[in-house]
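Report on the following structure.
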Amino acid sequence: MIRYDRSRRRFAIALAAMAGFVDAVGFLSADGYFVSFMSGNTTRLGVDLGTDVVRAVTPAFLIAGFVAGVTGGALLSIRAGRYRKPAVLTFVAALLLAGASARALGVPVAMLAALVMAMGAINNTFQRDGEVAIGLTYMTGALVKLGQGLAGWLAGRKDTGWLSWAALWGGLLSGAVLGAMAQDRMPMACLWIAGCWAAAMVGVALRLPAES
């Protein structure tokens, strides 16, 4: 996060907010399972395998969908070259709009499949040397970086970047609040909002200054 310029940091925060929005909608639609937080789904998978094997189908399905989304997004990013960000986000927008369509048609399984794949794919947006540089759908690493940065700041070091990590976490939290409100008040519209949000981010990605 701290290795990127200010415009890319703001972009990452906006994408984290979108991920939080979608994850809140998915969480409320999937009986407490997640479409982006696979650590939570892995724990649910373990609990379900130990207590009620039939229920384990749901977290296993979501984990597999997430991995498929990451894989698809990674392949697309490799082929897109310097247009990686807009290409990945176009894929994400298409998946979110497919999820909105599935909800409108009353096919919840297809909706969840589209959402979890979109959340897997979006993590390919920020890469360095072929690896994820900023995780947009999970914040444990960001909170660790925040704590480490705070420690450095309290020790008198400068530019530890803790504010940037706090802002990234705050973006996900804010998006989750908005997603929960949207799911509660206008459930048939919230995924269309998410899809349009992702489409708008494609335009932002195209306008980012070239990386040095």
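Ligands are numbered from 1 in the order shown, chains are lettered A, B, ... in the order of the structure tokens, and residues start at 1 in each chain.
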Helix (DSSP H, G or I) positions in stretch 52-168 of chain A, given as JSON, numbers by chain:
{"A": [53, 54, 55, 56, 57, 58, 59, 60, 61, 62, 63, 64, 65, 66, 67, 68, 69, 70, 71, 72, 73, 74, 75, 76, 77, 78, 79, 80, 81, 82, 83, 84, 85, 86, 87, 88, 89, 90, 91, 92, 93, 94, 95, 96, 97, 98, 99, 100, 101, 102, 103, 104, 108, 109, 110, 111, 112, 113, 114, 115, 116, 117, 118, 119, 120, 121, 122, 123, 124, 140, 141, 142, 143, 144, 145, 146, 147, 148, 149, 150, 151, 152, 153, 154, 162, 163, 164, 165, 166, 167, 168]}
Excluding A:Gly81 and any residue of its chain fewer than 6 positions from it, enumerate the residues within 12 Å of it, using only C-alpha atoms, and give them as a ChimeraX atom specification.
/A:74-75,87-88,125,127,130
Mind writing the picked residues with all heavy atoms as a PDB file, in the first residue's frame?
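selection-v5.pdb, written as the output of this step:
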```pdb
ATOM      1  N   ALA A  74      -6.418 -13.950 -12.617  1.00  0.00           N
ATOM      2  CA  ALA A  74      -4.964 -13.993 -12.826  1.00  0.00           C
ATOM      3  C   ALA A  74      -4.623 -14.286 -14.281  1.00  0.00           C
ATOM      4  O   ALA A  74      -3.713 -13.665 -14.864  1.00  0.00           O
ATOM      5  CB  ALA A  74      -4.345 -15.049 -11.907  1.00  0.00           C
ATOM      6  N   LEU A  75      -5.330 -15.226 -14.886  1.00  0.00           N
ATOM      7  CA  LEU A  75      -5.091 -15.524 -16.308  1.00  0.00           C
ATOM      8  C   LEU A  75      -5.392 -14.304 -17.172  1.00  0.00           C
ATOM      9  O   LEU A  75      -4.635 -13.983 -18.107  1.00  0.00           O
ATOM     10  CB  LEU A  75      -5.948 -16.712 -16.744  1.00  0.00           C
ATOM     11  CG  LEU A  75      -5.530 -18.077 -16.208  1.00  0.00           C
ATOM     12  CD1 LEU A  75      -6.597 -19.122 -16.528  1.00  0.00           C
ATOM     13  CD2 LEU A  75      -4.185 -18.501 -16.801  1.00  0.00           C
ATOM     14  N   ALA A  87      -8.857  -4.511 -17.224  1.00  0.00           N
ATOM     15  CA  ALA A  87      -9.335  -5.818 -17.691  1.00  0.00           C
ATOM     16  C   ALA A  87      -9.911  -6.620 -16.528  1.00  0.00           C
ATOM     17  O   ALA A  87     -11.004  -7.207 -16.638  1.00  0.00           O
ATOM     18  CB  ALA A  87      -8.195  -6.589 -18.350  1.00  0.00           C
ATOM     19  N   VAL A  88      -9.194  -6.652 -15.412  1.00  0.00           N
ATOM     20  CA  VAL A  88      -9.675  -7.399 -14.247  1.00  0.00           C
ATOM     21  C   VAL A  88     -10.975  -6.798 -13.734  1.00  0.00           C
ATOM     22  O   VAL A  88     -11.934  -7.516 -13.400  1.00  0.00           O
ATOM     23  CB  VAL A  88      -8.599  -7.414 -13.143  1.00  0.00           C
ATOM     24  CG1 VAL A  88      -9.182  -7.917 -11.821  1.00  0.00           C
ATOM     25  CG2 VAL A  88      -7.423  -8.295 -13.552  1.00  0.00           C
ATOM     26  N   THR A 125      -6.032  -7.063  -8.925  1.00  0.00           N
ATOM     27  CA  THR A 125      -5.910  -5.681  -9.397  1.00  0.00           C
ATOM     28  C   THR A 125      -4.537  -5.099  -9.101  1.00  0.00           C
ATOM     29  O   THR A 125      -3.922  -4.448  -9.955  1.00  0.00           O
ATOM     30  CB  THR A 125      -7.000  -4.806  -8.749  1.00  0.00           C
ATOM     31  OG1 THR A 125      -8.277  -5.399  -8.982  1.00  0.00           O
ATOM     32  CG2 THR A 125      -6.989  -3.406  -9.354  1.00  0.00           C
ATOM     33  N   GLN A 127      -0.773  -5.926  -8.267  1.00  0.00           N
ATOM     34  CA  GLN A 127       0.234  -6.977  -8.259  1.00  0.00           C
ATOM     35  C   GLN A 127       1.627  -6.382  -8.371  1.00  0.00           C
ATOM     36  O   GLN A 127       1.834  -5.339  -8.989  1.00  0.00           O
ATOM     37  CB  GLN A 127       0.026  -7.937  -9.435  1.00  0.00           C
ATOM     38  CG  GLN A 127      -1.242  -8.750  -9.396  1.00  0.00           C
ATOM     39  CD  GLN A 127      -1.310  -9.734 -10.550  1.00  0.00           C
ATOM     40  OE1 GLN A 127      -0.302 -10.073 -11.171  1.00  0.00           O
ATOM     41  NE2 GLN A 127      -2.512 -10.184 -10.867  1.00  0.00           N
ATOM     42  N   GLY A 130       4.101 -10.478 -10.044  1.00  0.00           N
ATOM     43  CA  GLY A 130       3.196 -11.600 -10.197  1.00  0.00           C
ATOM     44  C   GLY A 130       2.457 -12.024  -8.945  1.00  0.00           C
ATOM     45  O   GLY A 130       1.733 -13.023  -8.961  1.00  0.00           O
TER      46      GLY A 130
END
```
Using only C-alpha atoms, which protein or nucleic acid residues come within 10 Å of A:Gly20? Drop anything in the same chain fewer than 4 positions from it, and give the result as a short mmCIF file (atom, residue, chain, number, x, y, z; two decimals) with N, CA, C and O atoms, in the first residue's frame.
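The new file result.cif reads:
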```cif
data_model
loop_
_atom_site.label_atom_id
_atom_site.label_comp_id
_atom_site.auth_asym_id
_atom_site.auth_seq_id
_atom_site.Cartn_x
_atom_site.Cartn_y
_atom_site.Cartn_z
N ALA A 14 -11.13 2.78 -2.57
CA ALA A 14 -12.44 2.70 -3.23
C ALA A 14 -12.80 1.26 -3.59
O ALA A 14 -13.96 0.84 -3.45
N LEU A 15 -11.82 0.49 -4.03
CA LEU A 15 -12.07 -0.91 -4.37
C LEU A 15 -12.33 -1.75 -3.12
O LEU A 15 -13.17 -2.65 -3.13
N ALA A 16 -11.61 -1.46 -2.03
CA ALA A 16 -11.86 -2.16 -0.78
C ALA A 16 -13.27 -1.87 -0.28
O ALA A 16 -13.95 -2.76 0.25
N ALA A 24 -20.86 -7.69 2.41
CA ALA A 24 -21.99 -7.53 3.32
C ALA A 24 -23.28 -8.06 2.69
O ALA A 24 -24.07 -8.76 3.35
N VAL A 25 -23.48 -7.75 1.42
CA VAL A 25 -24.66 -8.25 0.71
C VAL A 25 -24.63 -9.78 0.67
O VAL A 25 -25.63 -10.46 0.95
N GLY A 26 -23.46 -10.33 0.33
CA GLY A 26 -23.34 -11.78 0.27
C GLY A 26 -23.53 -12.45 1.62
O GLY A 26 -24.19 -13.48 1.73
N VAL A 35 -18.55 -14.14 0.95
CA VAL A 35 -18.17 -14.23 -0.45
C VAL A 35 -16.76 -13.68 -0.69
O VAL A 35 -16.26 -13.74 -1.81
N SER A 36 -16.12 -13.16 0.35
CA SER A 36 -14.74 -12.69 0.16
C SER A 36 -13.80 -13.15 1.27
O SER A 36 -12.60 -13.23 1.05
N MET A 119 -15.22 -11.54 -6.15
CA MET A 119 -14.35 -11.16 -5.03
C MET A 119 -12.99 -11.85 -5.10
O MET A 119 -11.99 -11.32 -4.64
N LEU A 136 -7.56 -6.82 -1.37
CA LEU A 136 -8.70 -5.91 -1.31
C LEU A 136 -9.90 -6.49 -0.59
O LEU A 136 -10.82 -5.75 -0.23
N THR A 137 -9.93 -7.79 -0.38
CA THR A 137 -11.11 -8.41 0.22
C THR A 137 -10.85 -9.00 1.60
O THR A 137 -11.76 -9.56 2.21
N TYR A 138 -9.64 -8.90 2.09
CA TYR A 138 -9.33 -9.43 3.43
C TYR A 138 -8.39 -8.44 4.12
O TYR A 138 -7.47 -7.91 3.53
N TRP A 169 -8.49 -0.31 5.63
CA TRP A 169 -9.43 -1.03 6.49
C TRP A 169 -10.75 -0.25 6.63
O TRP A 169 -11.83 -0.83 6.56
N GLY A 170 -10.62 1.05 6.80
CA GLY A 170 -11.82 1.89 6.91
C GLY A 170 -12.66 1.85 5.66
O GLY A 170 -13.89 1.93 5.72
N GLY A 171 -12.00 1.73 4.50
CA GLY A 171 -12.74 1.61 3.24
C GLY A 171 -13.60 0.36 3.22
O GLY A 171 -14.78 0.40 2.86
N LEU A 172 -13.01 -0.77 3.61
CA LEU A 172 -13.78 -2.01 3.63
C LEU A 172 -14.94 -1.92 4.62
O LEU A 172 -16.07 -2.33 4.32
N LEU A 173 -14.67 -1.36 5.80
CA LEU A 173 -15.72 -1.22 6.81
C LEU A 173 -16.85 -0.32 6.32
O LEU A 173 -18.04 -0.67 6.46
N SER A 174 -16.50 0.81 5.74
CA SER A 174 -17.53 1.74 5.24
C SER A 174 -18.37 1.09 4.16
O SER A 174 -19.60 1.25 4.13
N GLY A 175 -17.72 0.37 3.25
CA GLY A 175 -18.45 -0.32 2.21
C GLY A 175 -19.38 -1.37 2.77
O GLY A 175 -20.51 -1.54 2.29
N ALA A 176 -18.94 -2.07 3.82
CA ALA A 176 -19.78 -3.09 4.44
C ALA A 176 -21.03 -2.47 5.07
O ALA A 176 -22.12 -3.03 4.99
N VAL A 177 -20.85 -1.31 5.70
CA VAL A 177 -22.00 -0.61 6.29
C VAL A 177 -23.00 -0.25 5.19
O VAL A 177 -24.22 -0.48 5.32
N LEU A 178 -22.50 0.31 4.10
CA LEU A 178 -23.39 0.69 2.99
C LEU A 178 -24.06 -0.53 2.37
O LEU A 178 -25.24 -0.50 2.01
N GLY A 179 -23.29 -1.63 2.25
CA GLY A 179 -23.85 -2.85 1.68
C GLY A 179 -24.96 -3.43 2.54
O GLY A 179 -26.00 -3.88 2.03
N ALA A 180 -24.75 -3.40 3.85
CA ALA A 180 -25.78 -3.90 4.77
C ALA A 180 -27.04 -3.04 4.69
O ALA A 180 -28.17 -3.56 4.68
#
```
How would you write, as a PyMOL selection string, the set of residues in stretch 33-202 of chain A that DSSP gives as strand (DSSP E or B)?
chain A and resi 127-128+131-132
Could you save the residues just selected, with N, CA and C atoms, as a PDB file, in the first residue's frame?
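Written output follows (selection_6.pdb):
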```pdb
ATOM      1  N   GLN A 127      -0.773  -5.926  -8.267  1.00  0.00           N
ATOM      2  CA  GLN A 127       0.234  -6.977  -8.259  1.00  0.00           C
ATOM      3  C   GLN A 127       1.627  -6.382  -8.371  1.00  0.00           C
ATOM      4  N   ARG A 128       2.567  -7.060  -7.757  1.00  0.00           N
ATOM      5  CA  ARG A 128       3.992  -6.770  -7.950  1.00  0.00           C
ATOM      6  C   ARG A 128       4.717  -8.105  -8.112  1.00  0.00           C
ATOM      7  N   GLU A 131       2.620 -11.288  -7.843  1.00  0.00           N
ATOM      8  CA  GLU A 131       1.938 -11.636  -6.600  1.00  0.00           C
ATOM      9  C   GLU A 131       1.060 -10.478  -6.149  1.00  0.00           C
ATOM     10  N   VAL A 132       0.032 -10.804  -5.351  1.00  0.00           N
ATOM     11  CA  VAL A 132      -0.874  -9.773  -4.850  1.00  0.00           C
ATOM     12  C   VAL A 132      -0.112  -8.795  -3.965  1.00  0.00           C
TER      13      VAL A 132
END
```
Long-range neighbours of A:Arg207 as a PyMOL selection string, 12 Å cut-off, only C-alpha atoms, 2 positions minimum in chain
chain A and resi 7-8+11+83+85-86+200-205+209-211
In Å and to one decimal, atom CA of A:Leu62 is distant from atom CA of A:Met186 by 24.2 Å
How many Å lie between atom CA of A:Met139 and atom CA of A:Leu112, rounded to one decimal?
21.2 Å
Residue contacts of stretch 100-105 of chain A (10 Å, only C-alpha atoms) excluding same-chain residues fewer than 5 positions away, as a JSON list (two decimals) with N, CA and C atoms, in the first residue's frame:
```json
[["chain", "number", "residue", "atom", "x", "y", "z"],
["A", 94, "ALA", "N", -18.63, -7.51, -14.79],
["A", 94, "ALA", "CA", -19.50, -8.46, -15.51],
["A", 94, "ALA", "C", -20.04, -9.52, -14.56],
["A", 95, "LEU", "N", -19.20, -10.00, -13.64],
["A", 95, "LEU", "CA", -19.65, -11.00, -12.68],
["A", 95, "LEU", "C", -20.68, -10.43, -11.72],
["A", 110, "ALA", "N", -26.61, -19.27, -8.34],
["A", 110, "ALA", "CA", -25.87, -18.58, -9.39],
["A", 110, "ALA", "C", -25.43, -17.20, -8.93],
["A", 111, "MET", "N", -26.27, -16.53, -8.15],
["A", 111, "MET", "CA", -25.90, -15.22, -7.62],
["A", 111, "MET", "C", -24.66, -15.31, -6.74],
["A", 112, "LEU", "N", -24.66, -16.27, -5.80],
["A", 112, "LEU", "CA", -23.52, -16.43, -4.91],
["A", 112, "LEU", "C", -22.27, -16.85, -5.66],
["A", 113, "ALA", "N", -22.43, -17.69, -6.67],
["A", 113, "ALA", "CA", -21.28, -18.10, -7.48],
["A", 113, "ALA", "C", -20.65, -16.90, -8.17],
["A", 114, "ALA", "N", -21.48, -16.03, -8.72],
["A", 114, "ALA", "CA", -20.96, -14.84, -9.40],
["A", 114, "ALA", "C", -20.28, -13.90, -8.42],
["A", 115, "LEU", "N", -20.87, -13.72, -7.23],
["A", 115, "LEU", "CA", -20.30, -12.81, -6.25],
["A", 115, "LEU", "C", -18.95, -13.31, -5.74],
["A", 187, "PRO", "N", -32.99, -4.67, -1.51],
["A", 187, "PRO", "CA", -32.24, -5.88, -1.84],
["A", 187, "PRO", "C", -32.16, -6.18, -3.33],
["A", 188, "MET", "N", -33.16, -5.79, -4.10],
["A", 188, "MET", "CA", -33.12, -6.10, -5.53],
["A", 188, "MET", "C", -32.26, -5.12, -6.32],
["A", 189, "ALA", "N", -31.88, -4.01, -5.68],
["A", 189, "ALA", "CA", -31.09, -3.00, -6.39],
["A", 189, "ALA", "C", -29.61, -3.02, -6.01],
["A", 190, "CYS", "N", -29.28, -3.60, -4.84],
["A", 190, "CYS", "CA", -27.93, -3.41, -4.32],
["A", 190, "CYS", "C", -26.84, -4.00, -5.21],
["A", 191, "LEU", "N", -27.10, -5.14, -5.84],
["A", 191, "LEU", "CA", -26.06, -5.73, -6.69],
["A", 191, "LEU", "C", -25.91, -4.98, -8.01],
["A", 192, "TRP", "N", -26.99, -4.36, -8.48],
["A", 192, "TRP", "CA", -26.85, -3.49, -9.65],
["A", 192, "TRP", "C", -25.97, -2.30, -9.30],
["A", 193, "ILE", "N", -26.12, -1.79, -8.08],
["A", 193, "ILE", "CA", -25.26, -0.70, -7.62],
["A", 193, "ILE", "C", -23.80, -1.15, -7.61],
["A", 194, "ALA", "N", -23.55, -2.35, -7.08],
["A", 194, "ALA", "CA", -22.18, -2.87, -7.03],
["A", 194, "ALA", "C", -21.60, -3.04, -8.42],
["A", 195, "GLY", "N", -22.40, -3.55, -9.35],
["A", 195, "GLY", "CA", -21.92, -3.73, -10.72],
["A", 195, "GLY", "C", -21.57, -2.42, -11.38]]
```
For A:Leu146, list every protein, DNA or RNA residue within 10 Å, evaluated using only C-alpha atoms, and leave out those in the same chain fewer than 3 positions away; present the list as a PDB file with N, CA and C atoms, in the first residue's frame.
```pdb
ATOM      1  N   THR A 140      -6.902  -8.830   7.458  1.00  0.00           N
ATOM      2  CA  THR A 140      -6.011  -9.250   8.532  1.00  0.00           C
ATOM      3  C   THR A 140      -4.598  -8.725   8.297  1.00  0.00           C
ATOM      4  N   GLY A 141      -4.108  -8.877   7.069  1.00  0.00           N
ATOM      5  CA  GLY A 141      -2.773  -8.380   6.753  1.00  0.00           C
ATOM      6  C   GLY A 141      -2.678  -6.875   6.889  1.00  0.00           C
ATOM      7  N   ALA A 142      -3.735  -6.164   6.479  1.00  0.00           N
ATOM      8  CA  ALA A 142      -3.738  -4.705   6.603  1.00  0.00           C
ATOM      9  C   ALA A 142      -3.695  -4.279   8.061  1.00  0.00           C
ATOM     10  N   LEU A 143      -4.417  -5.004   8.918  1.00  0.00           N
ATOM     11  CA  LEU A 143      -4.409  -4.658  10.341  1.00  0.00           C
ATOM     12  C   LEU A 143      -3.062  -4.979  10.987  1.00  0.00           C
ATOM     13  N   GLY A 149       2.979  -0.415  11.780  1.00  0.00           N
ATOM     14  CA  GLY A 149       3.229   0.991  11.483  1.00  0.00           C
ATOM     15  C   GLY A 149       3.048   1.877  12.697  1.00  0.00           C
ATOM     16  N   LEU A 150       2.018   1.589  13.482  1.00  0.00           N
ATOM     17  CA  LEU A 150       1.802   2.352  14.713  1.00  0.00           C
ATOM     18  C   LEU A 150       2.978   2.187  15.669  1.00  0.00           C
ATOM     19  N   ALA A 151       3.480   0.957  15.765  1.00  0.00           N
ATOM     20  CA  ALA A 151       4.637   0.717  16.630  1.00  0.00           C
ATOM     21  C   ALA A 151       5.840   1.539  16.170  1.00  0.00           C
ATOM     22  N   GLY A 152       6.062   1.561  14.846  1.00  0.00           N
ATOM     23  CA  GLY A 152       7.164   2.356  14.322  1.00  0.00           C
ATOM     24  C   GLY A 152       6.987   3.836  14.581  1.00  0.00           C
ATOM     25  N   THR A 160       5.758   5.597   8.400  1.00  0.00           N
ATOM     26  CA  THR A 160       5.547   4.158   8.585  1.00  0.00           C
ATOM     27  C   THR A 160       4.328   3.657   7.822  1.00  0.00           C
ATOM     28  N   GLY A 161       3.495   4.568   7.323  1.00  0.00           N
ATOM     29  CA  GLY A 161       2.372   4.185   6.481  1.00  0.00           C
ATOM     30  C   GLY A 161       1.151   3.680   7.215  1.00  0.00           C
ATOM     31  N   TRP A 162       1.103   3.845   8.539  1.00  0.00           N
ATOM     32  CA  TRP A 162      -0.031   3.278   9.272  1.00  0.00           C
ATOM     33  C   TRP A 162      -1.355   3.930   8.886  1.00  0.00           C
ATOM     34  N   LEU A 163      -1.310   5.204   8.521  1.00  0.00           N
ATOM     35  CA  LEU A 163      -2.552   5.873   8.126  1.00  0.00           C
ATOM     36  C   LEU A 163      -3.124   5.278   6.837  1.00  0.00           C
ATOM     37  N   SER A 164      -2.266   4.900   5.910  1.00  0.00           N
ATOM     38  CA  SER A 164      -2.735   4.298   4.662  1.00  0.00           C
ATOM     39  C   SER A 164      -3.399   2.953   4.921  1.00  0.00           C
ATOM     40  N   TRP A 165      -2.802   2.147   5.793  1.00  0.00           N
ATOM     41  CA  TRP A 165      -3.406   0.853   6.115  1.00  0.00           C
ATOM     42  C   TRP A 165      -4.712   1.035   6.872  1.00  0.00           C
ATOM     43  N   ALA A 166      -4.765   2.044   7.752  1.00  0.00           N
ATOM     44  CA  ALA A 166      -6.012   2.327   8.471  1.00  0.00           C
ATOM     45  C   ALA A 166      -7.104   2.755   7.497  1.00  0.00           C
ATOM     46  N   ALA A 167      -6.727   3.555   6.497  1.00  0.00           N
ATOM     47  CA  ALA A 167      -7.697   4.018   5.503  1.00  0.00           C
ATOM     48  C   ALA A 167      -8.220   2.857   4.661  1.00  0.00           C
ATOM     49  N   LEU A 168      -7.350   1.897   4.331  1.00  0.00           N
ATOM     50  CA  LEU A 168      -7.774   0.733   3.554  1.00  0.00           C
ATOM     51  C   LEU A 168      -8.795  -0.081   4.352  1.00  0.00           C
ATOM     52  N   TRP A 169      -8.492  -0.312   5.629  1.00  0.00           N
ATOM     53  CA  TRP A 169      -9.429  -1.028   6.494  1.00  0.00           C
ATOM     54  C   TRP A 169     -10.747  -0.252   6.633  1.00  0.00           C
TER      55      TRP A 169
END
```
Could you please determine the separation between atom CA of A:Ala118 and atom CA of A:Arg185 in Å, to one decimal place?
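If I compute the distance from atom CA of A:Ala118 to atom CA of A:Arg185, I get 23.1 Å.
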Hey, what's within 12 Å of stretch 45-58 of chain A if we count only C-alpha atoms and toss same-chain stuff fewer than 2 positions away? As JSON, numbers by chain, please?
{"A": [30, 31, 32, 33, 34, 35, 38, 39, 40, 41, 42, 43, 60, 61, 62, 63, 64, 65, 109, 112, 113, 116]}
Here is a test: counting only C-alpha atoms, which residue of A:Ala198, A:Val92, A:Ala182, A:Leu28 is nearest to A:Asn124?
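Going through A:Ala198, A:Val92, A:Ala182, A:Leu28 one by one, the smallest distance to A:Asn124 is for A:Val92.
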I'd like to know which of A:Thr71, A:Asn123, A:Thr90, A:Gln183 is closest to A:Leu206, using only C-alpha atoms.
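Of A:Thr71, A:Asn123, A:Thr90, A:Gln183, the one nearest A:Leu206, counting only C-alpha atoms, is A:Thr90.
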